[in-house]
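These notes are about the structure you will find just below.
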Amino acid sequence: MSVLSTLRQRSQPTLATFTKTYSAHRPLIQRILTSGFIVYVLASTFGSLSTRPAPRSAAKGDAPEQSTRKPPRVAVDAIFYQRLSRIIRLVIPGLRSKEALLLFMHSSLLIFRTAISLYVAVLDGKIVASLVRVQTVPFLLNILRWLLVAIPATWTNSWLSYVQNKLAIAYRTRLTEEVLKQYLGHQQEGPEGKIYYKLSNLDDRVKNPDQMITHDIQKFSNNLAAIYANLAKPVLDVILYNYQLSQNVGAEGLVLLTILVQLSAALLRKLTPPFGAYASTSTQLMGALRHTHSRLVEFAEEIAFSGGEDTEKMLVEREYAGLIMHENRVLVRRWWHGCVEEGIVKWLWGSFGLVICAIPVFFKLPGIHHVDLGSRTEGFVTNRRLLLSSSDAFGRVMYSYKDLSELAGYTARVSMLLDTIEDTKNGKFEKVLVSSASTEENSRILRGRGKIIESEEVRFEDVPIVTPNGDVLVKSLSFFQHLLIVGPNGCGKSSLFRILGGLWPVYGGVVHKPPADQFILIPQRPYLPIGTLRDQVIYPHNKSDMDERSITDDDLLAILSIVQMESVVEREGGWEAAREWRDALSGGDKQKIAWARLFYHRPKYAVLDEATSLVPTEIEGMMMDHATELGITLLTVSHRPSLWKYHAMILHYDGMGGYVFTELDAEKRLALQEEKQALEAKLLEVPKMKARLSELLAAREEHVA
């Protein structure tokens with residue numbers, strides 16, 4: 001006992017000396033602890049949102065093999081920040097841009113709202129203190145201050161919501177314009193043109209670009225506009241609220257609170273599911289469901305005639321079931337995560353805060369003097385309000401990681417669209433190939449690249465005809481203009497025109513072709529745009545373009561009379577009539593409109609792909625004669641013998657990868673065709689003649705008997 005007493009006596013002077021020294025230097029220690037807290041908040045926030053090293057394969061620029069290609073990585077890591085920084089440079093092009101101005105305005109409003117919150121916290125304490133002290137006049141004056149501060153507070157909150165929505169719209173507009181400029185804006189030939197076609201037909205990465213351009217960009221823009229307020233504002237609030245709190249309860253209590261909160265926050269982060277991957281998967285599944293519905297609308301007539309309602313219903317229900325299964329799985333995870341999150345953020349942190357707020361009540365802190373009950377109550381209420389605001393801000397910092405994960409999902413989708421467009425412009429495609437593409441000879445063809453030379457003629461020199469999935473239809477094709485093309489289905493007749501139009505890549509040889517504005521394609525099912533009747537004839541021109549060419553509506557009526565469709569103007573209500581023309585016109589009328597469009601533009605070359613299959617023969621002859629009179633060179637795919645006389649050469653596919661290119665003697669070929677048809681008709685009569693002969697023989701035997 002004597003030993004313990006001796007130690008206690010020796011320690012008391014030491015403790016007293018430490019306390020005296022600590023009290024003397026407490027202001028400096030407070031500043032050091034407060035500064036350390038600010039540095040810690042910034043560093044921990046940056047660390048929690050900082051990048052993790054990207055996988056080595058993802059960091060490289062090499063394209064993955066098609067057989068091992070995986071969906072885009074969705075995580076808050078180095079790849080995410082690389083994608084996001086690239087997109088931010090698109091949506092905020094400069095410090096003087098409208099988006100930068102809106103962002104500055106948004107930041108100013110966020111800081112102003114924090115200042116108002118600090119003032120309100122102090123005002124709350126004064127109101128309660130005046131109540132405890134039963135001071136009527138100070139109480140009424142504080143209520144008046146409360147009402148006055150409500151004016152800038154409500155104004156600021158409304159402006160914050162308005163500016164954030166304007167910022168989201170500005171981001172979406174800027175990004176949509178950039179995507180559409182690349183998606184639809186390039187008219188030139190070569191790899192950089194026709195991206196909208198190549199993205200859907202030559203590459204498998206983007207299944208539904210329409211959904212990405214409309215829905216995914218909208219979601220990305222909304223999340224990007226909100227993430228700033230959900231991240232920067234809470235971090236600022238945590239620093240300012242806790243700084244003010246440290247002045248009231250001491251920086252020691254702030255350090256203790258920080259340690260307890262960080263330990264529980266680390267546990268919460270460990271239990272947080274990957275919401276970013278969930279958001280990306282949900283968007284992909286919704287796009288697949290929308291695509292299935294759009295196919296049902298697009299091919300409604302074919303499905304109706306085929307009686308495919310049950311099959312289509314099964315396909316729609318399968319896509320919907322997959323979406324709902326995923327959403328239910330995410331909902332369950334959100335439920336238990338919400339329980340854990342609220343238990344830690346609201347209740348556990350609240351208990352920590354009550355203990356911290358009670359420190360000035362139970363302990364006498366150097367430099368803080370609360371002489372009466374009112375002062376203690378004022379301090380407690382003010383500190384409690386600051387702590388609640390700080391807790392809410394820290395909770396929003398925690399929630400922001402979830403928001404950032406969802407933003408990572410939308411960023412991955414938008415980045416994949418931009419990357420695929422860029423690869424398509426550079427002639428890099430990722431497509432599932434047919435098995436025959438792996439053979440040595442076909443693989444060599446697919447690795448090659450041909451040349452496209454702009455000239456006044458159409459000529460192919462040793463050009464392979466290859467489909468987007470790697471099926472080599474013709475290994476080497478050579479021909480020149482004014483051509484009739486025939487052959488069985490699937491042999492590469494239309495494929496030749498897609499190469500000529502710059503839609504498919506050239507894997508070898510040399511393609512001589514005129515500029516794009518010098519030839520027009522008329523398919524079997526012509527495209528009719530949304531617009532007026534006039535727009536159908538002059539597409540892709542508009543009324544201003546037509547006026548610049550000094551062409552009037554009377555000239556258009558004369559063109560329609562050539563194709564025997566002048567009555568459609570009066571029937572449909574004039575040139576300004578607007579319809580869904582693909583439904584309003586018959587198949588033959590659609591083809592006539594396409595021919596009228598050809599006569600309006602008068603190109604040097606016309607590519608006809610079964611362009612008269614639904615038109616009567618006499619009208620077909622009139623249209624072909626007029627095209628010849630206009631000096632339009634025709635490259636035609638057709639099975640109609642009536643078109644032979646309009647061509648000097650014929651390209652005949654045999655369907656086995658071979659072809660014959662020779663002069664076309666229309667009269668001789670037509671005579672042979674007629675003789676062939678006559679012989680075939682006689683051969684069809686042979687079974688009937690044999691049956692009749694059998695009947696006559698049987699009748700004769702009966703008569704003899």
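In the structure tokens, chains take letters A, B, ... by order of appearance, with residues numbered from 1 within each chain and ligands from 1 in the order shown.
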
**Item:** Close residues, A:Gly657 itself excluded, 7 Å, only C-alpha atoms, min 3 positions apart in chain, as a PyMOL selection string
**Value:** chain A and resi 473-475+654

Export, as a CSV table (one decimal), in the first residue's frame, the selected residues with C-alpha atoms.
chain,number,residue,atom,x,y,z
A,473,LEU,CA,-19.1,-15.2,-101.0
A,474,VAL,CA,-16.7,-14.5,-103.8
A,475,LYS,CA,-12.9,-14.6,-103.4
A,654,ASP,CA,-23.2,-19.5,-109.7

**Item:** Neighbour list for A:Phe519 as a PyMOL selection string, cut-off 10 Å, only C-alpha atoms, skip fewer than 4 positions in-chain
**Value:** chain A and resi 500-501+513-515+598+601-607+632-634

**Item:** Spatial neighbours of A:Arg571, 12 Å, only C-alpha atoms, chain gap at least 6 places, as a PyMOL selection string
**Value:** chain A and resi 533+565+577+584-585

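Counting from atom CA of A:Glu309, the distance to atom CA of A:Ala288 is 18.7 Å.
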
**Request:** Looking only at helix (DSSP H, G or I) from DSSP on the backbone, list the matching residues of stretch 277-500 of chain A as an NGL selection string.
**Result:** :A and (277-298 or 300-306 or 309-357 or 359-362 or 373-425 or 435-438 or 440-447 or 493-500)

**Item:** Distance criterion (only C-alpha atoms): nearest to A:Ala265 out of A:Tyr401, A:Tyr183, A:Tyr507, A:Trp575
**Value:** A:Tyr401

**Item:** Pick from A:Pro152, A:Pro488, A:Pro138, A:Gly588 nearest to A:Leu109, counting only C-alpha atoms
**Value:**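 Once distances to A:Leu109 are computed over only C-alpha atoms, the minimum belongs to A:Pro152.
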
**Message:** Nearest residue to A:Ser351 out of A:His639, A:Arg205, A:His652, A:Arg384, using only C-alpha atoms?
**Reply:**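 For A:Ser351, the nearest of the candidates is A:Arg384.
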
**Message:** Please return, as a count of residues only, all residues of stretch 362-596 of chain A that DSSP assigns to strand (DSSP E) on the basis of the backbone.
**Reply:** 37

**Request:** Measure the distance from atom CA of A:Leu484 to atom CA of A:Gln564 in Å and round it to one decimal.
**Result:**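 These atoms are spaced 25.1 Å apart.
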
**Request:** Between A:Tyr653, A:Tyr81, A:Phe497, A:Tyr410, single out the one closest to A:Tyr278, counting only C-alpha atoms.
**Result:** A:Tyr410

Write out as a tab-separated table a residue-level contact list of stretch 203-239 of chain A versus stretch 404-407 of chain A with cut-off 8 Å: for each qualifying residue the closest pair of atoms and the distance in Å to one decimal, counting only C-alpha atoms, rows sorted by chain and residue number upward.
residue	atom	partner	partner_atom	distance
A:Phe220	CA	A:Leu407	CA	6.4
A:Asn223	CA	A:Leu407	CA	5.9
A:Leu224	CA	A:Leu407	CA	6.9
A:Ile227	CA	A:Leu404	CA	6.9

**Request:** Tell me which of A:Arg86, A:Lys198, A:His541, A:Arg449 sits closest to A:Thr424, counting only C-alpha atoms.
**Result:** A:Lys198

**Complete:** Computed gap from atom CA of A:Met623 to atom CA of A:Glu457 is 22.7 Å

**Residues near A:Val466, cut-off 10 Å, only C-alpha atoms, skip fewer than 6 positions along chain, as a ChimeraX atom specification** = /A:437,442,445-446,472-475,492,495-496,499,504-507

If you keep all heavy atoms, can you produce a file of those selected residues as a short mmCIF file (atom, residue, chain, number, x, y, z; two decimals), in the first residue's frame?
data_model
loop_
_atom_site.label_atom_id
_atom_site.label_comp_id
_atom_site.auth_asym_id
_atom_site.auth_seq_id
_atom_site.Cartn_x
_atom_site.Cartn_y
_atom_site.Cartn_z
N ALA A 437 -14.65 -18.78 -91.62
CA ALA A 437 -13.70 -17.66 -91.61
C ALA A 437 -12.36 -18.06 -91.02
O ALA A 437 -11.37 -17.35 -91.20
CB ALA A 437 -14.29 -16.48 -90.82
N ASN A 442 -9.49 -18.13 -96.16
CA ASN A 442 -10.44 -17.08 -95.80
C ASN A 442 -9.87 -16.14 -94.76
O ASN A 442 -10.13 -14.93 -94.77
CB ASN A 442 -11.74 -17.71 -95.29
CG ASN A 442 -12.52 -18.37 -96.41
OD1 ASN A 442 -12.18 -18.24 -97.58
ND2 ASN A 442 -13.57 -19.10 -96.06
N ILE A 445 -7.81 -13.60 -96.45
CA ILE A 445 -8.64 -12.58 -97.10
C ILE A 445 -9.14 -11.56 -96.08
O ILE A 445 -9.11 -10.35 -96.32
CB ILE A 445 -9.82 -13.25 -97.84
CG1 ILE A 445 -9.31 -14.08 -99.02
CG2 ILE A 445 -10.82 -12.19 -98.32
CD1 ILE A 445 -10.39 -14.86 -99.74
N LEU A 446 -9.57 -12.03 -94.89
CA LEU A 446 -10.12 -11.13 -93.88
C LEU A 446 -9.06 -10.21 -93.30
O LEU A 446 -9.38 -9.12 -92.82
CB LEU A 446 -10.77 -11.95 -92.76
CG LEU A 446 -12.03 -12.72 -93.14
CD1 LEU A 446 -12.49 -13.60 -91.99
CD2 LEU A 446 -13.14 -11.75 -93.52
N VAL A 472 -17.06 -15.57 -96.88
CA VAL A 472 -16.49 -15.16 -98.17
C VAL A 472 -17.38 -15.70 -99.28
O VAL A 472 -17.38 -16.90 -99.57
CB VAL A 472 -15.04 -15.67 -98.33
CG1 VAL A 472 -14.47 -15.22 -99.67
CG2 VAL A 472 -14.17 -15.16 -97.18
N LEU A 473 -18.16 -14.80 -99.91
CA LEU A 473 -19.09 -15.22 -100.96
C LEU A 473 -18.37 -15.39 -102.30
O LEU A 473 -18.61 -16.34 -103.03
CB LEU A 473 -20.21 -14.19 -101.09
CG LEU A 473 -21.04 -13.94 -99.83
CD1 LEU A 473 -22.10 -12.87 -100.08
CD2 LEU A 473 -21.70 -15.23 -99.34
N VAL A 474 -17.50 -14.44 -102.61
CA VAL A 474 -16.71 -14.50 -103.84
C VAL A 474 -15.29 -14.09 -103.47
O VAL A 474 -15.08 -13.04 -102.87
CB VAL A 474 -17.26 -13.56 -104.94
CG1 VAL A 474 -16.40 -13.63 -106.18
CG2 VAL A 474 -18.70 -13.91 -105.28
N LYS A 475 -14.30 -14.91 -103.84
CA LYS A 475 -12.93 -14.65 -103.42
C LYS A 475 -12.26 -13.55 -104.24
O LYS A 475 -11.36 -12.87 -103.74
CB LYS A 475 -12.11 -15.93 -103.50
CG LYS A 475 -12.61 -17.01 -102.54
CD LYS A 475 -11.80 -18.29 -102.66
CE LYS A 475 -12.34 -19.34 -101.69
NZ LYS A 475 -11.60 -20.63 -101.80
N GLY A 492 -24.40 -12.99 -103.09
CA GLY A 492 -23.59 -11.77 -103.00
C GLY A 492 -23.99 -10.67 -103.94
O GLY A 492 -23.20 -9.74 -104.16
N SER A 495 -24.63 -7.66 -101.74
CA SER A 495 -23.38 -7.38 -101.02
C SER A 495 -22.45 -6.52 -101.86
O SER A 495 -21.73 -5.66 -101.33
CB SER A 495 -22.69 -8.70 -100.67
OG SER A 495 -23.53 -9.54 -99.92
N LEU A 496 -22.45 -6.73 -103.15
CA LEU A 496 -21.62 -5.93 -104.05
C LEU A 496 -21.98 -4.45 -103.93
O LEU A 496 -21.09 -3.58 -103.89
CB LEU A 496 -21.82 -6.43 -105.47
CG LEU A 496 -20.97 -5.85 -106.60
CD1 LEU A 496 -20.81 -6.89 -107.70
CD2 LEU A 496 -21.62 -4.60 -107.17
N ILE A 499 -20.67 -2.79 -100.70
CA ILE A 499 -19.25 -2.42 -100.83
C ILE A 499 -19.13 -1.15 -101.67
O ILE A 499 -18.37 -0.23 -101.34
CB ILE A 499 -18.44 -3.56 -101.46
CG1 ILE A 499 -18.41 -4.77 -100.51
CG2 ILE A 499 -17.03 -3.11 -101.78
CD1 ILE A 499 -17.73 -5.99 -101.10
N TRP A 504 -19.68 -1.64 -96.43
CA TRP A 504 -18.86 -2.77 -96.01
C TRP A 504 -17.41 -2.50 -96.36
O TRP A 504 -17.12 -1.83 -97.37
CB TRP A 504 -19.33 -4.05 -96.70
CG TRP A 504 -20.63 -4.59 -96.18
CD1 TRP A 504 -21.47 -4.00 -95.29
CD2 TRP A 504 -21.24 -5.83 -96.53
NE1 TRP A 504 -22.56 -4.78 -95.07
CE2 TRP A 504 -22.45 -5.92 -95.81
CE3 TRP A 504 -20.88 -6.88 -97.38
CZ2 TRP A 504 -23.30 -7.01 -95.91
CZ3 TRP A 504 -21.73 -7.97 -97.48
CH2 TRP A 504 -22.92 -8.04 -96.75
N PRO A 505 -16.50 -3.00 -95.56
CA PRO A 505 -15.07 -2.77 -95.85
C PRO A 505 -14.61 -3.55 -97.08
O PRO A 505 -15.20 -4.57 -97.45
CB PRO A 505 -14.37 -3.27 -94.58
CG PRO A 505 -15.32 -4.25 -93.97
CD PRO A 505 -16.69 -3.75 -94.30
N VAL A 506 -13.56 -3.04 -97.70
CA VAL A 506 -12.96 -3.70 -98.87
C VAL A 506 -11.76 -4.51 -98.37
O VAL A 506 -10.80 -3.94 -97.85
CB VAL A 506 -12.52 -2.67 -99.92
CG1 VAL A 506 -11.91 -3.37 -101.13
CG2 VAL A 506 -13.70 -1.81 -100.34
N TYR A 507 -11.81 -5.83 -98.52
CA TYR A 507 -10.78 -6.71 -97.98
C TYR A 507 -9.65 -7.00 -98.97
O TYR A 507 -8.73 -7.73 -98.64
CB TYR A 507 -11.41 -8.03 -97.52
CG TYR A 507 -12.20 -7.88 -96.24
CD1 TYR A 507 -13.58 -7.76 -96.27
CD2 TYR A 507 -11.56 -7.86 -95.01
CE1 TYR A 507 -14.31 -7.62 -95.10
CE2 TYR A 507 -12.28 -7.73 -93.83
CZ TYR A 507 -13.65 -7.61 -93.88
OH TYR A 507 -14.37 -7.48 -92.72
#

**Request:** Considering only C-alpha atoms, return as number ranges by chain whatever protein or nucleic-acid residues lie within 9 Å of A:Ile538, sequence-local ones (same chain, fewer than 4 positions apart) excluded.
**Result:** A: 534, 542-543, 545-546, 556, 596-598, 600-601

Can I get the selected residues back with all heavy atoms, as a JSON list (two decimals), in the first residue's frame?
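What follows is the written file again.json:
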[["chain", "number", "residue", "atom", "x", "y", "z"],
["A", 534, "ARG", "N", -43.94, 15.93, -100.44],
["A", 534, "ARG", "CA", -42.81, 16.50, -101.17],
["A", 534, "ARG", "C", -41.49, 15.91, -100.67],
["A", 534, "ARG", "O", -40.59, 15.61, -101.46],
["A", 534, "ARG", "CB", -42.80, 18.02, -101.01],
["A", 534, "ARG", "CG", -41.68, 18.70, -101.78],
["A", 534, "ARG", "CD", -41.56, 20.18, -101.45],
["A", 534, "ARG", "NE", -42.77, 20.91, -101.76],
["A", 534, "ARG", "CZ", -43.62, 21.37, -100.85],
["A", 534, "ARG", "NH1", -43.38, 21.13, -99.55],
["A", 534, "ARG", "NH2", -44.69, 22.02, -101.21],
["A", 542, "ASN", "N", -34.29, 19.12, -98.63],
["A", 542, "ASN", "CA", -35.46, 19.75, -98.05],
["A", 542, "ASN", "C", -35.97, 20.83, -99.00],
["A", 542, "ASN", "O", -35.45, 21.00, -100.10],
["A", 542, "ASN", "CB", -35.13, 20.34, -96.67],
["A", 542, "ASN", "CG", -33.92, 21.26, -96.70],
["A", 542, "ASN", "OD1", -33.71, 21.99, -97.67],
["A", 542, "ASN", "ND2", -33.11, 21.21, -95.64],
["A", 543, "LYS", "N", -37.01, 21.58, -98.58],
["A", 543, "LYS", "CA", -37.62, 22.56, -99.47],
["A", 543, "LYS", "C", -36.61, 23.63, -99.89],
["A", 543, "LYS", "O", -36.62, 24.07, -101.05],
["A", 543, "LYS", "CB", -38.81, 23.22, -98.74],
["A", 543, "LYS", "CG", -39.61, 24.19, -99.59],
["A", 543, "LYS", "CD", -40.32, 23.50, -100.73],
["A", 543, "LYS", "CE", -41.42, 24.37, -101.33],
["A", 543, "LYS", "NZ", -40.94, 25.68, -101.81],
["A", 545, "ASP", "N", -33.34, 23.29, -100.24],
["A", 545, "ASP", "CA", -32.45, 22.71, -101.25],
["A", 545, "ASP", "C", -33.13, 22.65, -102.61],
["A", 545, "ASP", "O", -32.51, 22.90, -103.65],
["A", 545, "ASP", "CB", -32.01, 21.31, -100.82],
["A", 545, "ASP", "CG", -31.20, 21.32, -99.54],
["A", 545, "ASP", "OD1", -30.48, 22.29, -99.31],
["A", 545, "ASP", "OD2", -31.32, 20.35, -98.76],
["A", 546, "MET", "N", -34.41, 22.32, -102.60],
["A", 546, "MET", "CA", -35.16, 22.24, -103.85],
["A", 546, "MET", "C", -35.26, 23.62, -104.51],
["A", 546, "MET", "O", -35.11, 23.77, -105.74],
["A", 546, "MET", "CB", -36.55, 21.67, -103.58],
["A", 546, "MET", "CG", -37.35, 21.35, -104.84],
["A", 546, "MET", "SD", -39.02, 20.76, -104.46],
["A", 546, "MET", "CE", -39.88, 22.32, -104.28],
["A", 556, "LEU", "N", -41.97, 18.74, -109.86],
["A", 556, "LEU", "CA", -42.14, 17.46, -109.16],
["A", 556, "LEU", "C", -43.36, 16.71, -109.68],
["A", 556, "LEU", "O", -43.33, 15.48, -109.80],
["A", 556, "LEU", "CB", -42.27, 17.70, -107.65],
["A", 556, "LEU", "CG", -41.07, 18.31, -106.92],
["A", 556, "LEU", "CD1", -41.35, 18.37, -105.43],
["A", 556, "LEU", "CD2", -39.81, 17.48, -107.18],
["A", 596, "ALA", "N", -39.16, 8.23, -108.78],
["A", 596, "ALA", "CA", -39.33, 9.68, -108.90],
["A", 596, "ALA", "C", -38.19, 10.42, -108.20],
["A", 596, "ALA", "O", -37.70, 11.44, -108.67],
["A", 596, "ALA", "CB", -40.68, 10.09, -108.31],
["A", 597, "ARG", "N", -37.75, 9.88, -107.06],
["A", 597, "ARG", "CA", -36.62, 10.46, -106.34],
["A", 597, "ARG", "C", -35.35, 10.38, -107.20],
["A", 597, "ARG", "O", -34.54, 11.31, -107.21],
["A", 597, "ARG", "CB", -36.44, 9.70, -105.02],
["A", 597, "ARG", "CG", -35.47, 10.32, -104.05],
["A", 597, "ARG", "CD", -35.38, 9.45, -102.81],
["A", 597, "ARG", "NE", -36.65, 9.33, -102.13],
["A", 597, "ARG", "CZ", -36.92, 8.41, -101.20],
["A", 597, "ARG", "NH1", -35.99, 7.51, -100.87],
["A", 597, "ARG", "NH2", -38.10, 8.37, -100.61],
["A", 598, "LEU", "N", -35.20, 9.27, -107.92],
["A", 598, "LEU", "CA", -34.05, 9.12, -108.81],
["A", 598, "LEU", "C", -34.07, 10.17, -109.92],
["A", 598, "LEU", "O", -33.04, 10.80, -110.22],
["A", 598, "LEU", "CB", -34.07, 7.71, -109.42],
["A", 598, "LEU", "CG", -33.06, 7.42, -110.53],
["A", 598, "LEU", "CD1", -31.65, 7.43, -109.98],
["A", 598, "LEU", "CD2", -33.37, 6.08, -111.18],
["A", 600, "TYR", "N", -35.51, 13.05, -109.82],
["A", 600, "TYR", "CA", -35.30, 14.38, -109.24],
["A", 600, "TYR", "C", -33.82, 14.67, -109.07],
["A", 600, "TYR", "O", -33.33, 15.75, -109.41],
["A", 600, "TYR", "CB", -36.03, 14.48, -107.89],
["A", 600, "TYR", "CG", -35.60, 15.65, -107.05],
["A", 600, "TYR", "CD1", -36.10, 16.93, -107.27],
["A", 600, "TYR", "CD2", -34.68, 15.48, -106.01],
["A", 600, "TYR", "CE1", -35.69, 18.00, -106.49],
["A", 600, "TYR", "CE2", -34.26, 16.54, -105.23],
["A", 600, "TYR", "CZ", -34.77, 17.80, -105.47],
["A", 600, "TYR", "OH", -34.36, 18.86, -104.71],
["A", 601, "HIS", "N", -33.06, 13.69, -108.54],
["A", 601, "HIS", "CA", -31.64, 13.92, -108.26],
["A", 601, "HIS", "C", -30.77, 13.79, -109.51],
["A", 601, "HIS", "O", -29.70, 14.42, -109.58],
["A", 601, "HIS", "CB", -31.16, 12.94, -107.18],
["A", 601, "HIS", "CG", -31.68, 13.24, -105.81],
["A", 601, "HIS", "ND1", -31.17, 14.26, -105.04],
["A", 601, "HIS", "CD2", -32.66, 12.65, -105.07],
["A", 601, "HIS", "CE1", -31.80, 14.29, -103.88],
["A", 601, "HIS", "NE2", -32.71, 13.33, -103.87]]

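For the set A:Ile465, A:Leu28, A:Leu231, A:Leu557, the residue with the smallest atom-to-atom gap to A:Gly574 is A:Leu557, counting only C-alpha atoms.
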